[in-house]
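Notes follow the structure.
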Amino acid sequence: GLVYVWRGNLLEADPSLLPTRRTGDMETVPIDSVLDYSVDYSYIVENNLDSPHLFYLHDGSVPPIESIGMVNQNLPKLKLKFFTDDCGMGHLGKIGSGGRPKKLLRFDPPNIVRHGGVSGFEEEFHIIPVAPQRTRVLLRQHLPRGPILSTITGIPGLIPLLTLLVNNWNYHIALEDACVMVGQSNRIEDWGSPRMRIGGLGDDLIKSFWNWRAQAHENL
């Protein structure tokens, strides 16, 4: 990561000068959300690496993935291809056997998960353990700045309103996830259930995360 330092008067520091996108990326409107969970960070990383859960748990709740066909009725057609690179590991996803991938999901150790797709929508989750069974997620989402969004965001006061709407949308999605993760944590940590008995579609990436985490703990 990068750390930006203001080398002048602290009271004159201007956060608007900080970059919000990479050179060459399409124009977007960045929206930041902060989400708090009552589970260990590993469950949140695992949850965000699990593409199939988007189809049934959040079916119809996430317009950017719904727009590329990632809804419950298309789950049997989902194809995921595992990859690794110099930064981390991930999946390329598409619906059906033909055509190009429509979704990118990646894990950049130790705690960053990124989602992206052909719609131009991108999001990155910085998953930060703050205490036992307490995790804070710093979420930044990039909304593609097409003609409509470019026009309406020029209206004074519209971006704060859009930020509020996206924040509330994320809180509702987080509530859906939190119920599952708290139950999962209870079964594993209190009842001694295995994290995974029979693997399914996409679980190769989750297993790779566990292997990375186990090795990292050995190296402490």
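Order determines the names: the first chain of the structure tokens is A, the second B, and so forth; residues in each chain are numbered 1 upward, and ligands are numbered 1 upward as they are shown.
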Write out as JSON, numbers by chain the residues lying within 10 Å of segment 42-51 of chain A, counting only C-alpha atoms and excluding same-chain residues fewer than 4 positions away. {"A": [37, 55, 70, 75, 78, 80, 90, 91, 93, 103, 104, 105, 106, 107, 110, 111, 112, 113, 114, 115, 125, 126, 127, 128, 129, 133, 135, 136, 137, 177, 178, 180, 181, 182, 184, 185, 201, 202, 203, 204, 205, 206, 207, 209, 210, 213]}
Considering only C-alpha atoms, return as a VMD selection string whatever protein or nucleic-acid residues lie within 12 Å of segment 155-172 of chain A, sequence-local ones (same chain, fewer than 4 positions apart) excluded. chain A and resid 29 to 37 58 61 to 63 123 125 137 to 143 148 to 151 176 to 179
DSSP on the backbone: what in segment 1-195 of chain A comes out helix (DSSP H, G or I), as a ChimeraX atom specification? /A:10-12,15-17,41-49,52-56,63-66,72-77,147-152,158-190
Members of segment 72-114 of chain A assigned strand (DSSP E) by DSSP, as JSON, numbers by chain: {"A": [78, 79, 80, 81, 82, 83, 84, 89, 90, 91, 92, 93, 94, 95, 103, 104, 105, 106, 107, 108, 112, 113, 114]}
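Between atom CA of Pro109 of chain A and atom CA of Leu17 of chain A the separation is 27.3 Å.
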Between A:Tyr4, A:Phe83, A:Trp212, A:Phe121, which residue has the minimum interatomic distance to Met26 of chain A, considering only C-alpha atoms? A:Phe121
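If you look at atom CA of Arg195 of chain A and atom CA of Glu124 of chain A, they are 24.8 Å away from each other.
The two atoms in question, atom CA of Arg134 of chain A and atom CA of Tyr41 of chain A, are spaced 7.4 Å apart.
Using only C-alpha atoms, the smallest distance between any of A:Pro76, A:Ile95, A:Arg7, A:Ser208 and Asp108 of chain A comes from A:Ser208.
Between Pro132 of chain A and the candidates A:Val39, A:Ala13, A:Val3, A:Met89, the tightest atom-to-atom separation, counting only C-alpha atoms, involves A:Val39.
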